[in-house]
2 protein chains.
Amino acid sequence: MTIFRTARGMRDFLPEGAKMMKYIEGKARRVAQLYGYKEIITPVVESYELLAAKAGEEVRSRMYAFKDLGGRKVALRPEFTASVARLVATTLRNEPKPLRLFCVGSLYRYDEPQKGRFREFWQSNYELMGSSKPEGDAEIIMLTNSLMKSVGLKNCVFKVGHVGVLRGILSQENVEEQVQNEIMQLMDKKQYEATLKLVEDAGTSKCLATLKKLMETKGSKVSQILKTMEQQVEGYERAVDAVGNLREILKLVSETGEKIDMIVEAGFARGLEYYTGMIFEVYVPEMDISLGGGGRYDRLIELFGGEPTPAVGVAHGIDRIMMAMQKQKTSLRIEEEKRVMIIPVKEELNREALKISRMLREAGIPVEIEVMGRKMSKALEDADRRNIDYAIIVGEKELKNGAVVIRNLRKREQKTVKIENIIETIKGNKL
Amino acid sequence: MTIFRTARGMRDFLPEGAKMMKYIEGKARRVAQLYGYKEIITPVVESYELLAAKAGEEVRSRMYAFKDLGGRKVALRPEFTASVARLVATTLRNEPKPLRLFCVGSLYRYDEPQKGRFREFWQSNYELMGSSKPEGDAEIIMLTNSLMKSVGLKNCVFKVGHVGVLRGILSQENVEEQVQNEIMQLMDKKQYEATLKLVEDAGTSKCLATLKKLMETKGSKVSQILKTMEQQVEGYERAVDAVGNLREILKLVSETGEKIDMIVEAGFARGLEYYTGMIFEVYVPEMDISLGGGGRYDRLIELFGGEPTPAVGVAHGIDRIMMAMQKQKTSLRIEEEKRVMIIPVKEELNREALKISRMLREAGIPVEIEVMGRKMSKALEDADRRNIDYAIIVGEKELKNGAVVIRNLRKREQKTVKIENIIETIKGNKL
């Protein structure tokens with residue numbers, strides 16, 4: 001007999017894990033509401049052409065791509081942004097700006113399975129379309145911080161940079177965009193030597209010297225680092241502007257009074273090619289992979305055939321946040337409901353048990369009924385093992401008086417209660 | 001420029017639709033809690049072998065199947081039951097029974113797109129493992145009814161049958177299982193002539209006569225129909241038992257006092273081959289496709305390599321329920337929150353606006369901030385169009401007194417309020 005397993009890189013979430021995933025998803029949805037982001041649902045299967053359009057070689061080569069039965073090349077989405085951009089360039093083309101959109105769901109990348117990386121993973125994704133102002137960038141950072149706080153994570157650190165710094169220098173040095181992309185990708189992978197080699201071939205010695213210095217410029221003293229950066233990029237106008245833009249964004253964030261730990265990193269790059277401005281990632285000390293990341297991409301909607309639309313967005317890894325919560329032993333702030341099990345003393349009383357179960361559920365009390373035809377002692381044992389709070393024992397003698405026995409399985413106490421008083425007894429913790 | 005579209009048979013849900021989908025999903029999750037079903041999450045991508053094992057030819061040929069980059073044949077799940085069976089046969093093998101499991105998510109079938117049928121669709125799925133008792137079957141029907149009621153659907157009708165009736169007759173006539181499956185599939189497609197042709201070839205004339213009569217036996221007078229069925233299958237012991245089992249299940253349901261409209265249909269069959277007992281589907285008069293369906297499949301877990309485990313389950317089409325709600329013009333019972341927009345009179349006051357937005361969100365009030373750098377009048381116009389409830393106008397003069405202007409955009413009234421009183425004013429509807 002074949003033993004069936006999950007496909008490689010895929011996983012199940014059992015009740016404890018699934019509860020955490022849905023808890024985080026719920027918090028992400030609440031943050032969306034609090035910041036005015038409307039939820040949309042886009043398909044898991046999209047045309048390959050769409051998903052490949054702006055994905056960058058690395059993501060593109062790791063997509064779950066295949067031909068459907070009609071011979072069309074499709075793929076499982078590796079990220080949300082392409083789908084949202086498609087919508088904003090087509091169906092939502094004429095929506096007034098700003099347009100704030102939220103989505104949450106599963107994504108697929110054919111990476112080598114390793115710690116914290118799976119081939120199916122979940123993200124909450126926020127996109128703010130239409131605003132080129134630093135308030136937009138600040139909002140995306142703030143909502144990320146709100147999500148981390150609302151799930152109870154501690155000691156989060158934001159790593160922040162600005163693509164415009166490096167791109168500004170390289171553009172002014174007339175480095176071709178293709179080469180710029182290669183340089184950014186090498187930077188993202190922290191292959192600094194290879195990066196500098198490429199810069200040496202493509203730019204001036206001034207450019208090389210500047211990049212070398214920038215790569216070493218990082219730290220948590222935000223204004224000091226920004227000042228250093230400004231000095232280092234002197235003469236590269238666009239890079240100077242980029243530093244100024246970053247300063248403005250971080251100032252807005254800090255002036256809200258919210259204490260956020262930041263590390264500014266002048267040489268910070270993110271894998272996706274479409275970023276044009278501020279970029280960031282959020283970490284906890286317990287993990288070396290980011291819990292979320294995003295930034296500004298002002299040219300993307302245009303590239304997908306829409307009107308030129310400035311945009312800034314972020315995606316958070318729901319399963320990564322779960323890992324972080326497990327490492328920090330964060331407890332879920334869910335009010336646990338009292339759970340009830342109804343046990344008829346003999347099978348003929350099942351209909352009474354069903355009737356009572358219906359009454360309790362309509363009053364909002366979770367109820368399990370006995371469906372195994374077990375003797376009462378066995379059923380009680382089982383209820384105990386499942387951490388049920390109350391057993392309602394339906395017996396002939398009590399029924400004649402319109403009553404049942406309610407047993408508090410934690411306290412191991414019981415009393416006879418009229419059927420019309422069951423709800424009050426359980427909801428009011430009167431036993 | 002390419003115009004990107006959704007892949008054929010796929011669709012987006014815009015904010016209004018997505019809100020309904022999530023509303024129904026939330027109700028399905030609540031029903032799971034009330035009946036003691038624990039949520040699990042299984043992957044969208046499973047091994048082809050698993051999904052094909054018990055799917056039946058029709059579903060199998062319409063799966064999104066492909067080879068992954070490692071050359072393994074995988075597919076997108078066309079239903080949840082195979083994945084749940086995999087878990088129950090492996091990881092959850094030793095869990096005490098009954099085991100109640102719930103899952104919700106997207107499924108994929110390569111059907112010809114048509115009204116109400118898409119290639120990506122959503123289901124809530126409940127499985128009760130370990131109980132062979134009619135109380136289990138009754139529970140599955142009752143929870144389906146609870147879900148339909150909780151989303152506010154009216155005039156639901158349950159179509160109910162029992163696979164054991166036809167199978168009982170055919171087995172006693174020594175019709176091979178393969179032929180039985182073909183007969184059941186033709187019945188499911190309502191190809192009655194072809195069915196009878198097949199029965200004629202495979203069984204006796206008594207068998208043919210019995211099946212002809214059964215095909216015409218259906219109606220809403222439950223006990224009368226059951227009585228007729230019992231007479232029609234006389235002499236076929238297993239079929240007689242099946243009718244008895246169905247009677248017991250429906251009696252338990254009716255004795256809860258819940259009024260459920262039922263149509264018992266003696267010749268009712270469902271596409272999937274794995275059913276062994278009671279089967280049902282739920283409809284609303286406005287639509288000719290079912291909103292959900294399920295039944296008993298006592299041999300399935302065994303077929304997936306697990307211990308013999310009686311089981312009964314149901315899946316509900318979340319997007320179909322949404323369609324039904326739209327047709328019935330059901331309104332969502334969601335308490336709409338007051339929405340606030342904060343507009344600084346000039347850009348230099350943005351930081352004050354951000355500070356206030358943070359304060360309000362921490363108090364649980366949804367806030368949008370101005371991120372377009374627009375003049376106040378433009379921003380107010382936009383807030384109006386978006387149906388924002390309150391605009392908080394941050395002006396220099398009021399700020400000097402630690403105050404802002406709050407405008408009720410519905411009533412078109414406004415007043416000056418101290419910053420520390422904003423929350424109270426909005427939460428208490430004091431304007």
# chains A, B, ... in the order shown; residues from 1 in each chain; ligands from 1
call {"tool": "closest_atom_pairs", "arguments": {"of": "chain B", "to": "chain A", "cutoff": "6 Å", "atoms": "only C-alpha atoms", "output": "tab-separated table"}}
result
residue	atom	partner	partner_atom	distance
B:Ala7	CA	A:Ser47	CA	5.3
B:Asp12	CA	A:Thr42	CA	4.6
B:Phe13	CA	A:Ile41	CA	4.9
B:Leu14	CA	A:Ile40	CA	5.0
B:Pro15	CA	A:Ile40	CA	5.1
B:Ala18	CA	A:Ile40	CA	5.4
B:Gln33	CA	A:Pro366	CA	6.0
B:Leu34	CA	A:Pro366	CA	3.8
B:Tyr35	CA	A:Val367	CA	5.5
B:Gly36	CA	A:Glu368	CA	5.5
B:Lys38	CA	A:Pro15	CA	5.8
B:Glu39	CA	A:Pro15	CA	5.4
B:Ile40	CA	A:Leu14	CA	5.0
B:Ile41	CA	A:Phe13	CA	4.8
B:Thr42	CA	A:Asp12	CA	4.6
B:Glu46	CA	A:Ala7	CA	5.3
B:Ser47	CA	A:Ala7	CA	5.3
B:Ser131	CA	A:Met372	CA	5.3
B:Glu135	CA	A:Val371	CA	5.5
B:Gly136	CA	A:Val371	CA	5.6
B:Leu252	CA	A:Arg351	CA	5.9
B:Thr256	CA	A:Lys355	CA	4.3
B:Arg351	CA	A:Leu252	CA	5.9
B:Leu354	CA	A:Thr256	CA	5.9
B:Lys355	CA	A:Thr256	CA	4.3
B:Arg361	CA	A:Leu34	CA	5.9
B:Pro366	CA	A:Leu34	CA	3.8
B:Val367	CA	A:Tyr35	CA	5.5
B:Glu368	CA	A:Gly36	CA	5.5
B:Val371	CA	A:Glu135	CA	5.5
B:Met372	CA	A:Ser131	CA	5.3
call {"tool": "write_last_selection", "arguments": {"atoms": "N, CA and C atoms", "output": "mmCIF file, in the first residue's frame"}}
result
data_model
loop_
_atom_site.group_PDB
_atom_site.id
_atom_site.type_symbol
_atom_site.label_atom_id
_atom_site.label_comp_id
_atom_site.auth_asym_id
_atom_site.auth_seq_id
_atom_site.Cartn_x
_atom_site.Cartn_y
_atom_site.Cartn_z
ATOM 1 N N ALA B 7 -6.164 34.468 -16.271
ATOM 2 C CA ALA B 7 -6.158 33.247 -17.091
ATOM 3 C C ALA B 7 -7.600 32.754 -17.228
ATOM 4 N N ASP B 12 -11.054 37.681 -10.449
ATOM 5 C CA ASP B 12 -10.720 38.498 -9.286
ATOM 6 C C ASP B 12 -11.988 38.772 -8.497
ATOM 7 N N PHE B 13 -11.824 39.010 -7.213
ATOM 8 C CA PHE B 13 -12.924 39.530 -6.409
ATOM 9 C C PHE B 13 -12.536 40.939 -5.974
ATOM 10 N N LEU B 14 -13.328 41.913 -6.385
ATOM 11 C CA LEU B 14 -13.073 43.298 -5.980
ATOM 12 C C LEU B 14 -13.589 43.485 -4.551
ATOM 13 N N PRO B 15 -13.324 44.658 -3.936
ATOM 14 C CA PRO B 15 -13.630 44.780 -2.499
ATOM 15 C C PRO B 15 -15.025 44.301 -2.070
ATOM 16 N N ALA B 18 -15.024 40.468 -2.356
ATOM 17 C CA ALA B 18 -14.080 39.874 -1.406
ATOM 18 C C ALA B 18 -14.634 39.955 0.015
ATOM 19 N N GLN B 33 -16.486 25.975 14.786
ATOM 20 C CA GLN B 33 -16.249 26.091 16.237
ATOM 21 C C GLN B 33 -17.451 25.600 17.024
ATOM 22 N N LEU B 34 -18.636 25.996 16.587
ATOM 23 C CA LEU B 34 -19.847 25.637 17.342
ATOM 24 C C LEU B 34 -20.094 24.134 17.338
ATOM 25 N N TYR B 35 -19.616 23.439 16.310
ATOM 26 C CA TYR B 35 -19.807 21.992 16.237
ATOM 27 C C TYR B 35 -18.548 21.216 16.634
ATOM 28 N N GLY B 36 -17.501 21.918 17.076
ATOM 29 C CA GLY B 36 -16.301 21.234 17.553
ATOM 30 C C GLY B 36 -15.355 20.733 16.482
ATOM 31 N N LYS B 38 -12.001 21.190 14.308
ATOM 32 C CA LYS B 38 -10.741 21.933 14.370
ATOM 33 C C LYS B 38 -10.237 22.231 12.961
ATOM 34 N N GLU B 39 -9.748 23.428 12.783
ATOM 35 C CA GLU B 39 -9.268 23.817 11.454
ATOM 36 C C GLU B 39 -7.865 23.294 11.186
ATOM 37 N N ILE B 40 -7.665 22.805 9.972
ATOM 38 C CA ILE B 40 -6.319 22.452 9.500
ATOM 39 C C ILE B 40 -6.100 23.148 8.153
ATOM 40 N N ILE B 41 -4.832 23.265 7.760
ATOM 41 C CA ILE B 41 -4.503 23.841 6.443
ATOM 42 C C ILE B 41 -3.677 22.799 5.690
ATOM 43 N N THR B 42 -4.132 22.432 4.507
ATOM 44 C CA THR B 42 -3.377 21.486 3.674
ATOM 45 C C THR B 42 -2.946 22.220 2.404
ATOM 46 N N GLU B 46 -0.571 19.038 -4.393
ATOM 47 C CA GLU B 46 -0.391 17.700 -3.800
ATOM 48 C C GLU B 46 0.179 16.778 -4.873
ATOM 49 N N SER B 47 0.658 15.601 -4.459
ATOM 50 C CA SER B 47 1.132 14.658 -5.461
ATOM 51 C C SER B 47 -0.059 14.209 -6.317
ATOM 52 N N SER B 131 -17.025 7.920 13.367
ATOM 53 C CA SER B 131 -18.377 7.562 13.787
ATOM 54 C C SER B 131 -19.153 6.914 12.648
ATOM 55 N N GLU B 135 -26.139 9.593 14.174
ATOM 56 C CA GLU B 135 -25.926 10.906 14.786
ATOM 57 C C GLU B 135 -24.857 11.681 14.019
ATOM 58 N N GLY B 136 -23.873 10.974 13.492
ATOM 59 C CA GLY B 136 -22.825 11.616 12.702
ATOM 60 C C GLY B 136 -23.386 12.198 11.418
ATOM 61 N N LEU B 252 -33.631 11.802 13.372
ATOM 62 C CA LEU B 252 -32.797 12.551 14.323
ATOM 63 C C LEU B 252 -32.776 14.037 13.981
ATOM 64 N N THR B 256 -34.738 17.417 16.269
ATOM 65 C CA THR B 256 -34.100 18.562 16.934
ATOM 66 C C THR B 256 -35.054 19.745 16.964
ATOM 67 N N ARG B 351 2.834 65.907 9.962
ATOM 68 C CA ARG B 351 3.329 65.130 11.110
ATOM 69 C C ARG B 351 2.297 65.099 12.237
ATOM 70 N N LEU B 354 -0.290 62.575 11.196
ATOM 71 C CA LEU B 354 0.193 61.206 11.409
ATOM 72 C C LEU B 354 0.099 60.820 12.878
ATOM 73 N N LYS B 355 0.449 61.760 13.740
ATOM 74 C CA LYS B 355 0.412 61.499 15.176
ATOM 75 C C LYS B 355 -1.022 61.171 15.622
ATOM 76 N N ARG B 361 -5.935 54.883 15.604
ATOM 77 C CA ARG B 361 -5.845 53.457 15.264
ATOM 78 C C ARG B 361 -5.602 52.623 16.509
ATOM 79 N N PRO B 366 -10.648 53.095 12.394
ATOM 80 C CA PRO B 366 -10.024 53.103 11.062
ATOM 81 C C PRO B 366 -9.799 54.529 10.555
ATOM 82 N N VAL B 367 -8.603 54.804 10.119
ATOM 83 C CA VAL B 367 -8.228 56.152 9.695
ATOM 84 C C VAL B 367 -7.484 56.112 8.368
ATOM 85 N N GLU B 368 -7.855 57.005 7.471
ATOM 86 C CA GLU B 368 -7.038 57.224 6.288
ATOM 87 C C GLU B 368 -6.387 58.588 6.413
ATOM 88 N N VAL B 371 -2.363 61.471 1.611
ATOM 89 C CA VAL B 371 -1.025 61.133 1.106
ATOM 90 C C VAL B 371 -0.814 61.677 -0.310
ATOM 91 N N MET B 372 -1.711 62.571 -0.754
ATOM 92 C CA MET B 372 -1.624 63.052 -2.128
ATOM 93 C C MET B 372 -1.143 64.494 -2.197
#
call {"tool": "residues_around", "arguments": {"residues": "stretch 342-348 of chain A", "least_positions_apart": "6", "cutoff": "6 Å", "atoms": "only C-alpha atoms", "output": "mmCIF file with all heavy atoms, in the first residue's frame"}}
result
data_model
loop_
_atom_site.group_PDB
_atom_site.id
_atom_site.type_symbol
_atom_site.label_atom_id
_atom_site.label_comp_id
_atom_site.auth_asym_id
_atom_site.auth_seq_id
_atom_site.Cartn_x
_atom_site.Cartn_y
_atom_site.Cartn_z
ATOM 1 N N ILE A 369 -21.336 16.547 20.295
ATOM 2 C CA ILE A 369 -22.271 15.525 20.757
ATOM 3 C C ILE A 369 -21.592 14.162 20.676
ATOM 4 O O ILE A 369 -20.564 13.998 20.026
ATOM 5 C CB ILE A 369 -23.587 15.518 19.937
ATOM 6 C CG1 ILE A 369 -23.304 15.247 18.459
ATOM 7 C CG2 ILE A 369 -24.354 16.819 20.115
ATOM 8 C CD1 ILE A 369 -24.544 14.901 17.660
ATOM 9 N N GLU A 370 -22.139 13.209 21.374
ATOM 10 C CA GLU A 370 -21.596 11.853 21.375
ATOM 11 C C GLU A 370 -22.067 11.146 20.101
ATOM 12 O O GLU A 370 -23.263 10.989 19.877
ATOM 13 C CB GLU A 370 -22.065 11.118 22.637
ATOM 14 C CG GLU A 370 -21.775 9.634 22.668
ATOM 15 C CD GLU A 370 -20.299 9.301 22.470
ATOM 16 O OE1 GLU A 370 -19.436 10.143 22.765
ATOM 17 O OE2 GLU A 370 -20.021 8.191 21.989
ATOM 18 N N MET A 376 -21.282 5.969 28.983
ATOM 19 C CA MET A 376 -21.021 7.283 29.547
ATOM 20 C C MET A 376 -19.604 7.425 30.097
ATOM 21 O O MET A 376 -18.936 8.436 29.883
ATOM 22 C CB MET A 376 -22.031 7.604 30.636
ATOM 23 C CG MET A 376 -21.991 9.065 31.008
ATOM 24 S SD MET A 376 -23.129 9.452 32.331
ATOM 25 C CE MET A 376 -22.418 8.578 33.701
ATOM 26 N N ALA A 391 -19.420 18.701 30.769
ATOM 27 C CA ALA A 391 -20.182 17.600 30.195
ATOM 28 C C ALA A 391 -21.632 17.762 30.631
ATOM 29 O O ALA A 391 -21.911 18.013 31.813
ATOM 30 C CB ALA A 391 -19.640 16.264 30.687
ATOM 31 N N ILE A 392 -22.540 17.680 29.651
ATOM 32 C CA ILE A 392 -23.956 17.683 30.000
ATOM 33 C C ILE A 392 -24.432 16.243 29.877
ATOM 34 O O ILE A 392 -24.390 15.665 28.791
ATOM 35 C CB ILE A 392 -24.759 18.606 29.066
ATOM 36 C CG1 ILE A 392 -24.276 20.052 29.236
ATOM 37 C CG2 ILE A 392 -26.254 18.493 29.343
ATOM 38 C CD1 ILE A 392 -25.025 21.058 28.387
ATOM 39 N N ILE A 393 -24.837 15.668 30.989
ATOM 40 C CA ILE A 393 -25.239 14.262 30.991
ATOM 41 C C ILE A 393 -26.760 14.190 30.943
ATOM 42 O O ILE A 393 -27.448 14.724 31.815
ATOM 43 C CB ILE A 393 -24.672 13.546 32.234
ATOM 44 C CG1 ILE A 393 -23.134 13.650 32.185
ATOM 45 C CG2 ILE A 393 -25.111 12.087 32.291
ATOM 46 C CD1 ILE A 393 -22.464 13.430 33.504
ATOM 47 N N VAL A 394 -27.255 13.560 29.867
ATOM 48 C CA VAL A 394 -28.696 13.481 29.677
ATOM 49 C C VAL A 394 -29.166 12.107 30.168
ATOM 50 O O VAL A 394 -28.880 11.084 29.558
ATOM 51 C CB VAL A 394 -29.064 13.671 28.185
ATOM 52 C CG1 VAL A 394 -30.571 13.656 27.985
ATOM 53 C CG2 VAL A 394 -28.458 14.964 27.645
ATOM 54 N N GLY A 395 -29.861 12.106 31.322
ATOM 55 C CA GLY A 395 -30.323 10.844 31.903
ATOM 56 C C GLY A 395 -31.844 10.826 32.021
ATOM 57 O O GLY A 395 -32.481 11.884 32.077
#
call {"tool": "closest_residue", "arguments": {"among": "A:Met148, A:Ala311, A:Ile388, A:Leu166", "to": "A:Tyr283", "atoms": "only C-alpha atoms"}}
result
A:Met148
call {"tool": "atom_distance", "arguments": {"atom1": "atom CA of B:Leu300", "atom2": "atom CA of B:Tyr275"}}
result
8.4 Å
call {"tool": "closest_residue", "arguments": {"among": "A:Ala242, A:Leu153, A:Met129, A:Leu226", "to": "A:Gln326", "atoms": "only C-alpha atoms"}}
result
A:Leu153
call {"tool": "select_by_dssp", "arguments": {"residues": "stretch 167-387 of chain A", "states": "strand (DSSP E)", "output": "MDAnalysis selection string"}}
result
chainID A and resid 218:219 261:265 278:283 292:296 311:317 340:344 367:369
call {"tool": "write_last_selection", "arguments": {"atoms": "N, CA, C and O atoms", "output": "short mmCIF file (atom, residue, chain, number, x, y, z; two decimals), in the first residue's frame"}}
result
data_model
loop_
_atom_site.label_atom_id
_atom_site.label_comp_id
_atom_site.auth_asym_id
_atom_site.auth_seq_id
_atom_site.Cartn_x
_atom_site.Cartn_y
_atom_site.Cartn_z
N LYS A 218 26.35 51.81 7.62
CA LYS A 218 25.08 51.36 8.18
C LYS A 218 25.09 51.46 9.69
O LYS A 218 26.16 51.45 10.31
N GLY A 219 23.90 51.55 10.28
CA GLY A 219 23.85 51.62 11.72
C GLY A 219 22.51 52.12 12.20
O GLY A 219 21.63 52.48 11.41
N ASP A 261 12.74 50.54 16.16
CA ASP A 261 14.19 50.36 15.99
C ASP A 261 14.52 50.27 14.51
O ASP A 261 13.96 49.45 13.79
N MET A 262 15.45 51.11 14.09
CA MET A 262 15.81 51.18 12.67
C MET A 262 17.30 50.95 12.50
O MET A 262 18.10 51.42 13.31
N ILE A 263 17.64 50.28 11.42
CA ILE A 263 19.02 50.27 10.96
C ILE A 263 19.01 50.78 9.53
O ILE A 263 18.35 50.20 8.66
N VAL A 264 19.68 51.89 9.31
CA VAL A 264 19.77 52.41 7.94
C VAL A 264 21.02 51.79 7.31
O VAL A 264 22.08 51.74 7.92
N GLU A 265 20.84 51.27 6.09
CA GLU A 265 21.93 50.58 5.42
C GLU A 265 22.07 51.17 4.02
O GLU A 265 21.21 50.96 3.17
N MET A 278 12.47 54.15 -1.52
CA MET A 278 12.72 53.57 -0.20
C MET A 278 12.45 52.06 -0.22
O MET A 278 11.49 51.61 -0.85
N ILE A 279 13.30 51.29 0.42
CA ILE A 279 13.05 49.85 0.60
C ILE A 279 13.30 49.50 2.07
O ILE A 279 14.07 50.17 2.75
N PHE A 280 12.61 48.47 2.53
CA PHE A 280 12.84 48.07 3.93
C PHE A 280 12.49 46.60 4.14
O PHE A 280 11.78 45.99 3.34
N GLU A 281 13.01 46.06 5.22
CA GLU A 281 12.67 44.71 5.68
C GLU A 281 12.56 44.76 7.19
O GLU A 281 13.17 45.60 7.84
N VAL A 282 11.79 43.83 7.75
CA VAL A 282 11.66 43.81 9.21
C VAL A 282 12.11 42.45 9.75
O VAL A 282 11.84 41.42 9.14
N TYR A 283 12.84 42.50 10.83
CA TYR A 283 13.44 41.31 11.43
C TYR A 283 13.15 41.20 12.92
O TYR A 283 12.85 42.20 13.56
N GLY A 292 9.09 40.44 6.70
CA GLY A 292 8.32 41.19 5.72
C GLY A 292 9.23 42.20 5.06
O GLY A 292 10.32 42.47 5.55
N GLY A 293 8.79 42.72 3.95
CA GLY A 293 9.60 43.72 3.28
C GLY A 293 8.84 44.37 2.16
O GLY A 293 7.84 43.84 1.68
N GLY A 294 9.30 45.55 1.78
CA GLY A 294 8.62 46.25 0.71
C GLY A 294 9.36 47.50 0.33
O GLY A 294 10.55 47.64 0.62
N GLY A 295 8.65 48.39 -0.32
CA GLY A 295 9.26 49.63 -0.74
C GLY A 295 8.47 50.31 -1.83
O GLY A 295 7.32 49.95 -2.09
N ARG A 296 9.11 51.27 -2.45
CA ARG A 296 8.43 52.07 -3.47
C ARG A 296 8.79 51.60 -4.87
O ARG A 296 9.93 51.27 -5.14
N ALA A 311 3.65 54.23 -6.53
CA ALA A 311 3.12 53.18 -5.65
C ALA A 311 4.15 52.76 -4.62
O ALA A 311 5.36 52.82 -4.87
N VAL A 312 3.64 52.34 -3.48
CA VAL A 312 4.52 51.82 -2.42
C VAL A 312 3.76 50.68 -1.75
O VAL A 312 2.53 50.71 -1.65
N GLY A 313 4.49 49.63 -1.38
CA GLY A 313 3.79 48.47 -0.83
C GLY A 313 4.67 47.61 0.03
O GLY A 313 5.88 47.82 0.13
N VAL A 314 4.04 46.62 0.67
CA VAL A 314 4.77 45.71 1.55
C VAL A 314 4.08 44.35 1.58
O VAL A 314 2.86 44.27 1.40
N ALA A 315 4.87 43.31 1.75
CA ALA A 315 4.33 41.98 1.96
C ALA A 315 4.93 41.39 3.23
O ALA A 315 6.13 41.56 3.49
N HIS A 316 4.08 40.74 4.04
CA HIS A 316 4.55 40.12 5.29
C HIS A 316 4.38 38.62 5.20
O HIS A 316 3.35 38.13 4.74
N GLY A 317 5.38 37.89 5.62
CA GLY A 317 5.31 36.43 5.59
C GLY A 317 4.54 35.92 6.79
O GLY A 317 5.03 35.97 7.92
N VAL A 340 -18.39 22.42 25.40
CA VAL A 340 -19.34 21.54 26.06
C VAL A 340 -19.46 20.23 25.28
O VAL A 340 -19.41 20.22 24.06
N MET A 341 -19.59 19.12 26.01
CA MET A 341 -19.90 17.87 25.35
C MET A 341 -21.19 17.32 25.95
O MET A 341 -21.35 17.34 27.18
N ILE A 342 -22.09 16.85 25.08
CA ILE A 342 -23.36 16.32 25.57
C ILE A 342 -23.35 14.81 25.47
O ILE A 342 -23.10 14.25 24.39
N ILE A 343 -23.60 14.14 26.58
CA ILE A 343 -23.52 12.68 26.62
C ILE A 343 -24.85 12.10 27.11
O ILE A 343 -25.23 12.30 28.26
N PRO A 344 -25.56 11.39 26.25
CA PRO A 344 -26.78 10.73 26.70
C PRO A 344 -26.41 9.44 27.45
O PRO A 344 -25.47 8.75 27.06
N VAL A 367 -20.53 23.09 21.05
CA VAL A 367 -20.98 21.82 21.62
C VAL A 367 -20.52 20.65 20.76
O VAL A 367 -20.64 20.70 19.55
N GLU A 368 -20.01 19.62 21.41
CA GLU A 368 -19.79 18.36 20.70
C GLU A 368 -20.81 17.36 21.22
O GLU A 368 -21.11 17.33 22.40
N ILE A 369 -21.34 16.55 20.29
CA ILE A 369 -22.27 15.53 20.76
C ILE A 369 -21.59 14.16 20.68
O ILE A 369 -20.56 14.00 20.03
#
call {"tool": "residues_around", "arguments": {"residues": "B:Gly203", "least_positions_apart": "2", "cutoff": "9 Å", "atoms": "only C-alpha atoms", "output": "VMD selection string"}}
result
chain B and resid 170 173 to 175 198 to 201 205 to 208
call {"tool": "write_last_selection", "arguments": {"atoms": "C-alpha atoms", "output": "mmCIF file, in the first residue's frame"}}
result
data_model
loop_
_atom_site.group_PDB
_atom_site.id
_atom_site.type_symbol
_atom_site.label_atom_id
_atom_site.label_comp_id
_atom_site.auth_asym_id
_atom_site.auth_seq_id
_atom_site.Cartn_x
_atom_site.Cartn_y
_atom_site.Cartn_z
ATOM 1 C CA LEU B 170 -26.755 -4.137 -7.600
ATOM 2 C CA GLU B 173 -27.569 -8.962 -8.227
ATOM 3 C CA ASN B 174 -23.813 -9.622 -8.372
ATOM 4 C CA VAL B 175 -23.151 -6.656 -10.635
ATOM 5 C CA LEU B 198 -26.672 -0.861 -18.550
ATOM 6 C CA VAL B 199 -28.801 -2.395 -15.791
ATOM 7 C CA GLU B 200 -30.665 -4.456 -18.356
ATOM 8 C CA ASP B 201 -27.378 -5.929 -19.562
ATOM 9 C CA SER B 205 -35.576 -8.178 -14.934
ATOM 10 C CA LYS B 206 -36.617 -7.769 -11.290
ATOM 11 C CA CYS B 207 -33.596 -5.528 -10.772
ATOM 12 C CA LEU B 208 -34.497 -3.450 -13.822
#
call {"tool": "atom_distance", "arguments": {"atom1": "atom CA of B:Tyr236", "atom2": "atom CA of B:Ile169"}}
result
5.8 Å
call {"tool": "atom_distance", "arguments": {"atom1": "atom CA of B:Lys400", "atom2": "atom CA of A:Arg247"}}
result
26.6 Å
call {"tool": "select_by_dssp", "arguments": {"residues": "stretch 208-238 of chain B", "states": "helix (DSSP H, G or I)", "output": "ChimeraX atom specification"}}
result
/B:208-215,222-232,237-238
call {"tool": "residues_around", "arguments": {"residues": "A:Arg167", "least_positions_apart": "6", "cutoff": "9 Å", "atoms": "only C-alpha atoms", "output": "PyMOL selection string"}}
result
chain A and resi 177+180+184+238-239+276
